[in-house]
>>> print(open('upload_7.txt').read())   # compact mmCIF, C-alpha atoms
# COMPACT_ATOMS: atom_id res chain seq x y z
CA MET X 1 159.53 91.83 65.17
CA LEU X 2 155.80 92.42 64.82
CA GLN X 3 153.41 90.59 67.10
CA GLU X 4 151.08 88.26 65.37
CA GLU X 5 147.57 89.60 65.12
CA ARG X 6 145.11 87.66 67.17
CA THR X 7 141.78 86.63 65.71
CA VAL X 8 138.54 87.95 67.17
CA ASN X 9 137.87 84.60 68.83
CA GLU X 10 141.23 84.80 70.60
CA ILE X 11 140.50 88.18 72.21
CA GLU X 12 139.57 87.75 75.86
CA PRO X 13 136.25 89.33 76.92
CA PRO X 14 136.53 92.30 79.29
CA GLU X 15 136.45 91.44 82.93
CA ASP X 16 132.97 91.66 84.54
CA ARG X 17 133.81 93.63 87.66
CA THR X 18 130.18 93.57 88.83
CA ARG X 19 130.64 89.89 89.71
CA THR X 20 132.26 90.99 92.96
CA LEU X 21 129.11 92.83 94.01
CA PRO X 22 126.40 91.01 95.97
CA ASP X 23 123.26 90.19 94.01
CA GLU X 24 121.18 92.29 96.40
CA ILE X 25 123.08 95.44 95.39
CA LEU X 26 122.75 94.73 91.67
CA GLU X 27 119.04 93.99 92.08
CA HIS X 28 118.61 97.27 93.90
CA VAL X 29 120.45 99.18 91.16
CA ILE X 30 118.43 97.80 88.25
CA SER X 31 115.19 98.35 90.17
CA PHE X 32 115.54 102.07 89.36
CA LEU X 33 114.95 101.18 85.72
CA PRO X 34 111.52 100.70 84.18
CA ALA X 35 110.76 96.99 84.16
CA GLN X 36 110.77 97.02 80.34
CA GLU X 37 114.45 98.07 80.46
CA ALA X 38 115.42 96.10 83.55
CA VAL X 39 114.62 92.75 81.90
CA GLN X 40 117.04 93.62 79.07
CA THR X 41 119.99 93.63 81.48
CA CYS X 42 119.96 89.83 81.15
CA VAL X 43 122.13 90.20 78.01
CA LEU X 44 124.93 92.10 79.78
CA ALA X 45 126.57 89.01 81.21
CA LYS X 46 125.73 85.50 82.27
CA HIS X 47 125.72 86.60 85.87
CA TRP X 48 122.93 89.11 85.06
CA CYS X 49 120.51 86.63 83.50
CA HIS X 50 118.25 86.29 86.53
CA LEU X 51 118.87 89.47 88.54
CA TRP X 52 115.80 91.27 87.20
CA LYS X 53 113.57 88.47 88.47
CA SER X 54 114.27 89.45 92.06
CA MET X 55 114.55 93.25 91.95
CA PRO X 56 112.72 94.86 94.93
CA THR X 57 110.94 97.56 92.91
CA LEU X 58 108.65 97.02 89.93
CA ARG X 59 108.22 100.06 87.68
CA ILE X 60 105.90 99.68 84.72
CA ILE X 61 106.34 102.85 82.64
CA ALA X 62 104.29 103.54 79.49
CA ASN X 63 104.09 107.30 79.17
CA GLU X 64 103.82 107.45 75.37
CA TRP X 65 100.53 107.19 73.46
CA LEU X 66 99.32 103.59 73.26
CA ASP X 67 96.99 102.45 70.50
CA GLU X 68 95.04 99.19 70.77
CA GLU X 69 98.07 97.15 69.76
CA GLY X 70 100.23 99.05 72.25
CA VAL X 71 97.84 98.24 75.09
CA LYS X 72 97.86 94.55 74.10
CA LYS X 73 101.67 94.50 74.11
CA LEU X 74 101.74 96.18 77.53
CA ASN X 75 99.33 93.59 78.94
CA MET X 76 101.36 90.75 77.44
CA PHE X 77 104.52 92.17 79.02
CA ILE X 78 102.87 92.45 82.45
CA LYS X 79 101.58 88.87 82.19
CA SER X 80 104.98 87.54 81.12
CA LEU X 81 106.74 89.53 83.86
CA LEU X 82 104.54 88.01 86.55
CA LEU X 83 104.98 84.49 85.18
CA LYS X 84 108.79 84.62 84.97
CA ARG X 85 109.51 86.66 88.08
CA ASN X 86 110.85 85.00 91.23
CA ASN X 87 107.69 84.90 93.34
CA SER X 88 109.65 84.24 96.51
CA ALA X 89 111.49 87.58 96.15
CA GLN X 90 110.00 90.43 98.17
CA ILE X 91 108.67 93.54 96.41
CA ASP X 92 109.09 96.80 98.28
CA VAL X 93 107.50 99.23 95.79
CA CYS X 94 105.19 98.64 92.84
CA GLU X 95 104.74 101.60 90.48
CA VAL X 96 102.65 101.88 87.33
CA GLU X 97 102.79 105.02 85.17
CA ILE X 98 100.60 105.10 82.07
CA GLY X 99 99.94 107.97 79.68
CA GLU X 100 97.05 108.33 77.26
CA TYR X 101 95.85 105.19 75.52
CA SER X 102 93.10 104.02 73.17
CA ASP X 103 90.08 102.80 75.10
CA TYR X 104 88.43 101.03 72.16
CA GLY X 105 89.99 97.71 73.14
CA ASP X 106 91.29 96.35 76.43
CA ASP X 107 92.44 98.60 79.24
CA PRO X 108 95.86 98.11 80.84
CA GLN X 109 95.53 95.12 83.17
CA VAL X 110 97.07 96.39 86.40
CA ASP X 111 94.77 94.60 88.83
CA GLN X 112 96.66 91.29 88.83
CA LEU X 113 99.98 93.13 89.02
CA VAL X 114 98.85 94.89 92.20
CA ARG X 115 97.56 91.70 93.80
CA ASP X 116 100.76 89.81 92.97
CA ALA X 117 102.80 92.66 94.46
CA LEU X 118 100.76 92.44 97.66
CA LEU X 119 101.45 88.71 97.84
CA CYS X 120 105.15 89.61 97.65
CA GLN X 121 104.79 91.92 100.68
CA ALA X 122 104.78 95.26 98.82
CA ARG X 123 104.85 98.25 101.16
CA ILE X 124 103.98 100.95 98.59
CA ILE X 125 101.59 100.70 95.65
CA ARG X 126 101.49 103.64 93.25
CA ILE X 127 99.27 103.69 90.13
CA THR X 128 99.24 106.81 87.96
CA VAL X 129 97.43 107.51 84.71
CA SER X 130 98.58 110.91 83.47
CA SER X 131 95.78 111.35 80.91
CA GLU X 132 92.55 112.90 82.13
CA PHE X 133 90.65 110.89 79.51
CA ASN X 134 91.59 107.40 80.74
CA TRP X 135 91.03 105.39 83.91
CA VAL X 136 92.47 101.96 84.66
CA ARG X 137 90.26 99.59 86.60
CA LEU X 138 90.79 98.11 90.04
CA GLY X 139 88.06 95.79 91.22
CA GLY X 140 87.28 92.51 92.89
CA PRO X 141 87.55 91.48 96.54
CA PRO X 142 89.27 93.55 99.25
CA PHE X 143 93.04 93.76 99.32
CA ILE X 144 94.72 91.58 101.94
CA SER X 145 98.16 92.59 103.20
CA GLN X 146 100.10 92.71 106.44
CA HIS X 147 102.77 94.94 104.87
CA LEU X 148 101.11 97.61 102.69
CA THR X 149 101.66 101.05 104.27
CA ARG X 150 100.92 103.52 101.45
CA LEU X 151 98.55 103.47 98.48
CA GLU X 152 98.50 106.18 95.78
CA LEU X 153 95.92 106.06 92.99
CA THR X 154 95.53 108.59 90.17
CA GLN X 155 92.85 108.22 87.48
CA VAL X 156 91.73 104.80 88.67
CA ASP X 157 88.22 103.36 88.38
CA LEU X 158 87.60 101.78 91.80
CA GLN X 159 84.92 99.10 91.83
CA ASP X 160 83.55 96.27 93.96
CA ASP X 161 85.24 96.04 97.39
CA VAL X 162 88.76 97.33 96.71
CA LEU X 163 88.30 100.24 99.14
CA ASP X 164 87.66 97.89 102.06
CA TYR X 165 91.04 97.92 103.78
CA SER X 166 90.02 96.14 106.97
CA SER X 167 92.53 93.38 106.10
CA CYS X 168 95.41 95.82 105.48
CA LEU X 169 96.58 96.21 109.07
CA ALA X 170 99.70 98.29 108.32
CA LEU X 171 98.09 100.72 105.87
CA LYS X 172 98.58 104.30 107.10
CA ASN X 173 98.28 106.58 104.07
CA ILE X 174 95.94 106.68 101.06
CA LEU X 175 95.98 109.26 98.26
CA MET X 176 93.28 109.23 95.56
CA ARG X 177 93.33 111.80 92.78
CA GLY X 178 90.92 111.95 89.83
CA CYS X 179 89.44 108.53 90.61
CA PHE X 180 85.96 107.14 89.98
CA ILE X 181 84.79 105.83 93.35
CA GLN X 182 81.98 103.35 92.83
CA ASN X 183 82.26 101.76 96.27
CA LYS X 184 79.71 102.31 99.00
CA ASN X 185 82.30 102.21 101.77
CA ILE X 186 85.87 103.34 102.34
CA SER X 187 86.93 101.60 105.51
CA SER X 188 90.10 101.03 107.50
CA GLN X 189 90.63 100.63 111.22
CA PHE X 190 94.26 101.76 111.15
CA LEU X 191 94.45 104.40 108.39
CA GLU X 192 95.97 107.71 109.58
CA GLU X 193 95.96 109.95 106.48
CA LEU X 194 93.34 110.04 103.72
CA THR X 195 93.48 112.45 100.77
CA ILE X 196 90.72 112.47 98.13
CA ILE X 197 91.14 115.14 95.42
CA ASN X 198 89.08 115.74 92.25
CA CYS X 199 87.40 112.34 92.51
CA THR X 200 83.86 111.38 91.52
CA PHE X 201 81.57 109.44 93.85
CA HIS X 202 79.28 107.18 91.81
CA SER X 203 77.67 104.98 94.44
CA HIS X 204 73.89 105.01 94.85
CA GLY X 205 73.16 107.07 97.92
CA ARG X 206 76.08 108.38 99.93
CA ALA X 207 79.36 106.58 100.30
CA HIS X 208 80.57 106.13 103.88
CA ILE X 209 84.09 106.82 105.12
CA SER X 210 84.91 104.79 108.21
CA ALA X 211 88.42 105.42 109.54
CA PRO X 212 88.41 105.82 113.33
CA SER X 213 92.21 106.17 113.57
CA LEU X 214 92.45 108.97 111.00
CA VAL X 215 94.51 112.01 112.04
CA ARG X 216 94.41 113.98 108.77
CA LEU X 217 91.66 114.16 106.14
CA GLU X 218 91.44 116.03 102.84
CA LEU X 219 88.26 115.88 100.77
CA VAL X 220 88.73 118.41 97.98
CA ASP X 221 86.72 119.34 94.87
CA CYS X 222 84.92 116.03 94.37
CA ASP X 223 81.90 115.40 92.12
CA GLY X 224 78.81 113.46 93.12
CA ALA X 225 77.10 113.14 96.49
CA THR X 226 79.21 114.19 99.46
CA PRO X 227 80.30 111.07 101.38
CA MET X 228 79.17 110.57 104.97
CA ILE X 229 82.01 110.71 107.46
CA GLU X 230 81.75 108.46 110.49
CA GLY X 231 83.34 109.15 113.85
CA MET X 232 87.05 110.04 113.83
CA PRO X 233 88.07 110.60 117.47
CA SER X 234 91.80 110.85 116.61
CA LEU X 235 91.35 113.51 113.92
CA ILE X 236 93.71 116.49 114.18
CA LYS X 237 93.24 118.34 110.87
CA ALA X 238 90.59 118.17 108.16
CA THR X 239 90.18 120.14 104.95
CA ILE X 240 86.79 119.86 103.23
CA ARG X 241 86.25 121.77 99.96
CA LEU X 242 82.86 121.13 98.36
CA TYR X 243 83.34 122.38 94.81
CA GLY X 244 81.62 120.20 92.20
CA SER X 245 79.33 118.48 94.69
CA GLU X 246 75.84 117.57 93.50
CA ASP X 247 74.50 118.63 96.93
CA VAL X 248 73.45 122.05 95.64
CA CYS X 249 70.25 123.98 96.29
CA GLY X 250 69.37 127.35 94.77
CA LYS X 251 67.88 128.51 98.06
CA GLU X 252 71.33 128.40 99.64
CA GLU X 253 72.81 130.81 97.13
CA PHE X 254 72.90 134.56 97.59
CA GLY X 255 69.24 135.52 97.10
CA GLY X 256 68.65 132.39 94.98
CA THR X 257 65.63 130.14 94.50
CA CYS X 258 65.25 126.41 93.95
CA SER X 259 63.11 125.22 91.06
CA THR X 260 63.79 121.46 91.02
CA VAL X 261 61.48 118.96 92.75
CA ILE X 262 64.29 116.42 93.15
CA CYS X 263 66.46 118.68 95.29
CA HIS X 264 67.99 116.75 98.20
CA ASN X 265 67.71 119.85 100.36
CA CYS X 266 64.14 121.05 99.88
CA GLY X 267 62.53 118.92 97.14
CA SER X 268 60.83 115.53 97.19
CA LEU X 269 64.12 113.72 97.85
CA SER X 270 64.86 115.72 100.98
CA ASN X 271 63.02 113.12 103.06
CA GLU X 272 65.00 110.16 101.71
CA ASP X 273 66.74 108.15 104.44
CA PHE X 274 70.29 109.15 103.46
CA ASN X 275 69.25 112.81 103.75
CA ARG X 276 68.07 112.46 107.36
CA HIS X 277 71.49 112.18 108.94
CA CYS X 278 74.44 114.43 109.69
CA VAL X 279 76.83 113.96 106.77
CA LEU X 280 80.06 115.71 107.82
CA MET X 281 79.92 117.71 111.03
CA LYS X 282 79.47 114.84 113.47
CA GLY X 283 82.39 112.88 112.07
CA LEU X 284 84.60 116.00 112.11
CA SER X 285 83.65 117.14 115.61
CA GLY X 286 86.82 115.80 117.23
CA ALA X 287 89.25 117.75 115.02
CA GLU X 288 91.65 120.40 116.28
CA SER X 289 91.81 122.27 112.95
CA LEU X 290 89.01 122.52 110.36
CA GLU X 291 88.83 124.16 106.95
CA LEU X 292 85.25 124.03 105.64
CA MET X 293 84.88 125.59 102.20
CA ALA X 294 81.99 125.33 99.75
CA GLU X 295 80.89 126.93 96.51
CA SER X 296 77.69 128.94 96.35
CA GLY X 297 74.56 126.81 96.75
CA VAL X 298 76.06 123.79 98.53
CA PHE X 299 73.80 122.99 101.46
CA ILE X 300 75.55 120.14 103.31
CA PHE X 301 77.42 122.26 105.87
CA LYS X 302 74.41 124.37 106.73
CA ARG X 303 71.99 121.46 106.94
CA ASP X 304 74.39 119.52 109.15
CA LEU X 305 74.01 122.28 111.73
CA ILE X 306 70.56 120.86 112.53
CA TRP X 307 72.55 118.16 114.37
CA CYS X 308 75.41 120.49 115.24
CA PRO X 309 77.75 118.67 117.66
CA THR X 310 80.18 120.29 120.07
CA PHE X 311 83.65 120.74 118.60
CA HIS X 312 85.30 120.15 121.95
CA LYS X 313 88.93 120.21 120.68
CA LEU X 314 88.64 122.70 117.82
CA LYS X 315 91.30 125.45 117.97
CA THR X 316 91.51 126.69 114.36
CA LEU X 317 88.52 127.21 112.06
CA ILE X 318 88.58 128.41 108.43
CA LEU X 319 85.29 129.12 106.65
CA ASN X 320 84.18 130.86 103.47
CA GLU X 321 80.97 132.65 102.46
CA TRP X 322 78.59 129.70 102.91
CA CYS X 323 78.41 130.55 106.63
CA VAL X 324 77.07 134.07 105.95
CA ALA X 325 75.48 133.69 102.49
CA ILE X 326 71.88 134.06 103.68
CA ASP X 327 72.40 135.22 107.25
CA SER X 328 74.92 134.82 110.05
CA HIS X 329 73.22 131.94 111.85
CA PRO X 330 75.50 129.17 110.51
CA LEU X 331 78.58 131.07 111.67
CA ILE X 332 77.03 131.78 115.05
CA CYS X 333 75.98 128.15 115.52
CA ILE X 334 79.49 126.83 114.97
CA LEU X 335 81.07 129.48 117.19
CA GLN X 336 78.71 128.63 120.01
CA HIS X 337 79.68 124.97 119.74
CA ALA X 338 83.46 125.54 119.76
CA PRO X 339 84.32 126.20 123.42
CA VAL X 340 88.14 126.23 123.02
CA LEU X 341 88.44 127.99 119.64
CA GLU X 342 91.56 130.17 119.33
CA THR X 343 91.64 131.28 115.68
CA LEU X 344 88.83 132.06 113.25
CA ILE X 345 89.51 132.89 109.58
CA LEU X 346 86.75 133.91 107.16
CA LYS X 347 87.39 134.04 103.41
CA LEU X 348 84.58 135.97 101.75
CA SER X 349 84.30 136.39 98.00
CA GLN X 350 82.29 139.27 96.58
CA ALA X 351 78.53 138.92 96.98
CA PRO X 352 76.34 139.37 93.87
CA ASP X 353 74.60 142.68 93.31
CA ASN X 354 71.16 141.19 94.09
CA TRP X 355 72.21 139.87 97.49
CA ASP X 356 70.12 141.01 100.42
CA GLU X 357 70.38 139.54 103.89
CA MET X 358 67.22 137.83 105.14
CA GLU X 359 65.14 139.46 107.82
CA GLY X 360 65.55 138.22 111.35
CA SER X 361 69.33 138.26 111.29
CA TYR X 362 71.22 138.01 114.51
CA ASP X 363 71.23 141.17 116.63
CA PRO X 364 74.37 141.11 118.81
CA SER X 365 73.15 144.02 120.92
CA ALA X 366 70.08 142.07 121.98
CA GLN X 367 71.85 138.75 122.62
CA PRO X 368 75.67 138.84 122.94
CA LEU X 369 77.44 135.65 121.97
CA ALA X 370 79.06 133.37 124.53
CA LEU X 371 82.15 132.60 122.47
CA SER X 372 85.30 130.75 123.41
CA LYS X 373 87.31 132.49 126.10
CA LYS X 374 90.46 131.39 124.27
CA LEU X 375 89.61 133.17 121.02
CA LYS X 376 92.69 135.25 120.17
CA LEU X 377 92.56 135.97 116.47
CA VAL X 378 89.78 136.63 113.97
CA GLU X 379 90.64 137.43 110.35
CA ILE X 380 88.31 138.37 107.54
CA HIS X 381 89.67 138.13 104.01
CA TYR X 382 87.30 139.87 101.60
CA ASP X 383 86.99 141.24 98.08
CA GLU X 384 84.66 144.04 99.07
CA LEU X 385 83.91 145.61 102.44
CA ASP X 386 80.18 144.82 102.39
CA ARG X 387 77.50 144.28 105.00
CA ARG X 388 78.60 140.71 105.73
CA VAL X 389 81.96 141.97 106.92
CA HIS X 390 80.34 144.64 109.10
CA ASN X 391 77.98 142.06 110.59
CA VAL X 392 80.84 139.80 111.59
CA ILE X 393 82.65 142.75 113.12
CA ARG X 394 79.54 143.64 115.14
CA ILE X 395 79.22 140.05 116.33
CA MET X 396 82.83 139.94 117.47
CA LYS X 397 82.59 143.29 119.21
CA SER X 398 79.65 141.99 121.23
CA HIS X 399 81.77 139.15 122.59
CA PRO X 400 82.01 139.89 126.35
CA ASN X 401 85.45 138.28 126.59
CA PHE X 402 87.03 140.30 123.83
CA GLU X 403 88.33 142.83 126.33
CA GLU X 404 90.19 140.05 128.08
CA VAL X 405 91.51 138.57 124.86
CA ASN X 406 92.78 141.81 123.33
CA GLY X 407 93.58 143.72 126.50
CA LYS X 408 91.48 146.61 125.21
CA SER X 409 87.92 147.64 125.82
CA HIS X 410 87.32 147.97 122.07
CA PRO X 411 89.34 145.78 119.70
CA ASN X 412 91.25 147.53 116.94
CA PHE X 413 90.57 146.66 113.31
CA GLU X 414 93.56 146.92 111.06
CA GLU X 415 92.87 146.82 107.31
CA VAL X 416 95.76 145.48 105.25
CA ASN X 417 95.34 144.59 101.57
CA GLY X 418 91.72 143.59 101.89
CA ASP X 419 92.17 141.69 105.16
CA GLU X 420 90.35 142.71 108.31
CA THR X 421 92.22 141.61 111.42
CA PHE X 422 90.77 141.81 114.92
>>> encode(input="upload_7.txt", output="C-alpha cells")
Amino acid sequence: MLQEERTVNEIEPPEDRTRTLPDEILEHVISFLPAQEAVQTCVLAKHWCHLWKSMPTLRIIANEWLDEEGVKKLNMFIKSLLLKRNNSAQIDVCEVEIGEYSDYGDDPQVDQLVRDALLCQARIIRITVSSEFNWVRLGGPPFISQHLTRLELTQVDLQDDVLDYSSCLALKNILMRGCFIQNKNISSQFLEELTIINCTFHSHGRAHISAPSLVRLELVDCDGATPMIEGMPSLIKATIRLYGSEDVCGKEEFGGTCSTVICHNCGSLSNEDFNRHCVLMKGLSGAESLELMAESGVFIFKRDLIWCPTFHKLKTLILNEWCVAIDSHPLICILQHAPVLETLILKLSQAPDNWDEMEGSYDPSAQPLALSKKLKLVEIHYDELDRRVHNVIRIMKSHPNFEEVNGKSHPNFEEVNGDETF
C-alpha cells in the first residue's frame, strides 16, 4: 500500500541544531562576516533575527569600485547599522575596508562609526582605504576611550584634534600609513609603539610628537615638514627615514648649491622660530638603537647637531651618506656623543662625479677620536670604494681603543660583496 503524499505545508521544517549553541558563540561566528552579510543571517531562522545586533566585531567591507550612488548606499547602511544595533553590546574590533570610490559626492562616513565603536568599548580600530587616490576623513574632538589599545589608519585624512590621545589611557600602538596629517600635535602619555609611513604632514609649521612612554618609533618616507620629536626617555629603537621631506637644501647635497631665498636651512626662513630648535636628535637621544637615513639634500639631521645631545644609551647606530656628504664632521660629532656605542653601520650610495670633499676635513692623525670603548663592529656598505670609505677607515684606525676592541694592533678589513667590515 502506497503512503499518501504529504502536502508541502505538512512537511516539517528541518531541525535548527544551532539553537543548542549559546548566543555568544553564534555572535562570534557571524562576526567573521562582513557586516553587510552578517545582517542577512536574520532570515536563517527566528532564533537568528537579532544575533547580528550584538556581534563583537564590526567589519564594513566595500572593496569594489563605488560610484556616487554606491557611496550613498554605503553611508545609509552604516547609519542604519548604528541605529538598529544593540548599543549595550560590547564591540571588540571595528574594521573598515574601502576600495576606490568616486569623490565627486560624499565620502564614506566612518567618523561616527568609529566614535560609536569607542562608546561600545572597542579595543582595536582599523580603517583601510586601499586606493591611493582616496582618503576618508576623521575629524572633530579627541577620541575618549578607556579600552582602545590599537589604532590602524591607512589613507585617512586626519583633521582637528583626532590625534590627541591623552584621553585614551590604554592605547599602546598606532600605525598610520598614507595619511594626511593636518594636526599640530600627536600626543599620548601611554603610547608605546608609533609607526608613521608614507604620510604627509600638512600643519603650518612643524607638527609635534609627544609620547614620553614610547619604546619604538618609525617615521618613514613622509612628505612635508619633518615633525619635532619631544623627549622619549623610554625609547629603545627608532627608525627615521627622511625621503620626501620638504626640509631640503641644495648646499647639503654632494657639491650642490642653494638658490632659493625661502630655504629653511640657509634662506630667509632659516631664522623662523620653528627652525631655531632641535627637531629630532634631542627627542631620540635616549634610544638604544637608531637608524637615521636621509636622501641627498635633507638638512635636518646635520643641523640638529648644533644642539647635539649625548646618546647615553645608544648601542647600535645605522647611518647613510648624509653624515659624510660634505665632510666627516656629522659622523664624528655623533660618535663623540655616543659613549657606549657597540655597533656602527654606514650605508653609502655612490657619490656623483662632481663630488669633492670640502677643505678642512677631519685629520685623524692630528686629533685622534675618543670613541666608545665598547665599539666592537663597524661596517661600511658601499657601491664604490671612494674617498669617503677611505676617510672612515682612517678615522676608525685612529681610534686608540681599537687595539683593545679587536685584539690586534691594526684592525683587519675584510671586503665581501661591497661591504667593508672592521
>>> residues_around(input="upload_7.txt", residues="range 89-106 of chain X", least_positions_apart="4", cutoff="6 Å", atoms="only C-alpha atoms", output="number ranges by chain")
X: 54, 56-68, 120-131
>>> residues_around(input="upload_7.txt", residues="Phe190 in chain X", least_positions_apart="5", cutoff="9 Å", atoms="only C-alpha atoms", output="PDB file with C-alpha atoms, keeping the file's coordinate frame")
ATOM      1  CA  TYR X 165      91.040  97.920 103.780  1.00  0.00           C
ATOM      2  CA  SER X 166      90.020  96.140 106.970  1.00  0.00           C
ATOM      3  CA  CYS X 168      95.410  95.820 105.480  1.00  0.00           C
ATOM      4  CA  LEU X 169      96.580  96.210 109.070  1.00  0.00           C
ATOM      5  CA  ALA X 170      99.700  98.290 108.320  1.00  0.00           C
ATOM      6  CA  LEU X 171      98.090 100.720 105.870  1.00  0.00           C
ATOM      7  CA  LYS X 172      98.580 104.300 107.100  1.00  0.00           C
ATOM      8  CA  ALA X 211      88.420 105.420 109.540  1.00  0.00           C
ATOM      9  CA  PRO X 212      88.410 105.820 113.330  1.00  0.00           C
ATOM     10  CA  SER X 213      92.210 106.170 113.570  1.00  0.00           C
ATOM     11  CA  LEU X 214      92.450 108.970 111.000  1.00  0.00           C
TER      12      LEU X 214
END
>>> residues_near_point(input="upload_7.txt", point="(103.0, 95.7, 80.9)", cutoff="8 Å", atoms="all atoms listed in the file", output="MDAnalysis selection string")
chainID X and resid 36 60 73:79 81 108:109
>>> atom_distance(input="upload_7.txt", atom1="CA of Ala294 in chain X", atom2="CA of Arg241 in chain X")
5.6 Å
>>> axis_aligned_box(input="upload_7.txt", around="range 242-246 of chain X", padding_each_side="3 Å", output="lines of an AutoDock Vina configuration file")
center_x = 79.6
center_y = 120.0
center_z = 95.3
size_x = 13.5
size_y = 10.8
size_z = 12.2
>>> atom_distance(input="upload_7.txt", atom1="CA of Thr149 in chain X", atom2="CA of Asp111 in chain X")
18.1 Å
>>> atom_distance(input="upload_7.txt", atom1="CA of Ala38 in chain X", atom2="CA of Glu24 in chain X")
14.6 Å
>>> residues_around(input="upload_7.txt", residues="Leu344 in chain X", least_positions_apart="6", cutoff="10 Å", atoms="only C-alpha atoms", output="ChimeraX atom specification")
/X:290,315-319,335,375-380
>>> write_last_selection(input="upload_7.txt", atoms="C-alpha atoms", output="mmCIF file, keeping the file's coordinate frame")
data_model
loop_
_atom_site.group_PDB
_atom_site.id
_atom_site.type_symbol
_atom_site.label_atom_id
_atom_site.label_comp_id
_atom_site.auth_asym_id
_atom_site.auth_seq_id
_atom_site.Cartn_x
_atom_site.Cartn_y
_atom_site.Cartn_z
ATOM 1 C CA LEU X 290 89.010 122.520 110.360
ATOM 2 C CA LYS X 315 91.300 125.450 117.970
ATOM 3 C CA THR X 316 91.510 126.690 114.360
ATOM 4 C CA LEU X 317 88.520 127.210 112.060
ATOM 5 C CA ILE X 318 88.580 128.410 108.430
ATOM 6 C CA LEU X 319 85.290 129.120 106.650
ATOM 7 C CA LEU X 335 81.070 129.480 117.190
ATOM 8 C CA LEU X 375 89.610 133.170 121.020
ATOM 9 C CA LYS X 376 92.690 135.250 120.170
ATOM 10 C CA LEU X 377 92.560 135.970 116.470
ATOM 11 C CA VAL X 378 89.780 136.630 113.970
ATOM 12 C CA GLU X 379 90.640 137.430 110.350
ATOM 13 C CA ILE X 380 88.310 138.370 107.540
#
>>> residues_near_point(input="upload_7.txt", point="(95.8, 111.0, 96.4)", cutoff="9 Å", atoms="all atoms listed in the file", output="list in words")
Leu151, Glu152, Leu153, Thr154, Ile174, Leu175, Met176, Arg177, Gly178, Cys179, Leu194, Thr195, Ile196 and Ile197 of chain X
>>> write_last_selection(input="upload_7.txt", atoms="C-alpha atoms", output="PDB file, in the frame of the given file")
ATOM      1  CA  LEU X 151      98.550 103.470  98.480  1.00  0.00           C
ATOM      2  CA  GLU X 152      98.500 106.180  95.780  1.00  0.00           C
ATOM      3  CA  LEU X 153      95.920 106.060  92.990  1.00  0.00           C
ATOM      4  CA  THR X 154      95.530 108.590  90.170  1.00  0.00           C
ATOM      5  CA  ILE X 174      95.940 106.680 101.060  1.00  0.00           C
ATOM      6  CA  LEU X 175      95.980 109.260  98.260  1.00  0.00           C
ATOM      7  CA  MET X 176      93.280 109.230  95.560  1.00  0.00           C
ATOM      8  CA  ARG X 177      93.330 111.800  92.780  1.00  0.00           C
ATOM      9  CA  GLY X 178      90.920 111.950  89.830  1.00  0.00           C
ATOM     10  CA  CYS X 179      89.440 108.530  90.610  1.00  0.00           C
ATOM     11  CA  LEU X 194      93.340 110.040 103.720  1.00  0.00           C
ATOM     12  CA  THR X 195      93.480 112.450 100.770  1.00  0.00           C
ATOM     13  CA  ILE X 196      90.720 112.470  98.130  1.00  0.00           C
ATOM     14  CA  ILE X 197      91.140 115.140  95.420  1.00  0.00           C
TER      15      ILE X 197
END
>>> residues_around(input="upload_7.txt", residues="Val110 in chain X", least_positions_apart="4", cutoff="8 Å", atoms="all atoms listed in the file", output="ChimeraX atom specification")
/X:96,114,136-138
>>> closest_residue(input="upload_7.txt", among="X:Ile300, X:Ala351, X:Leu292, X:Leu83", to="Thr226 in chain X", atoms="all atoms listed in the file")
X:Ile300
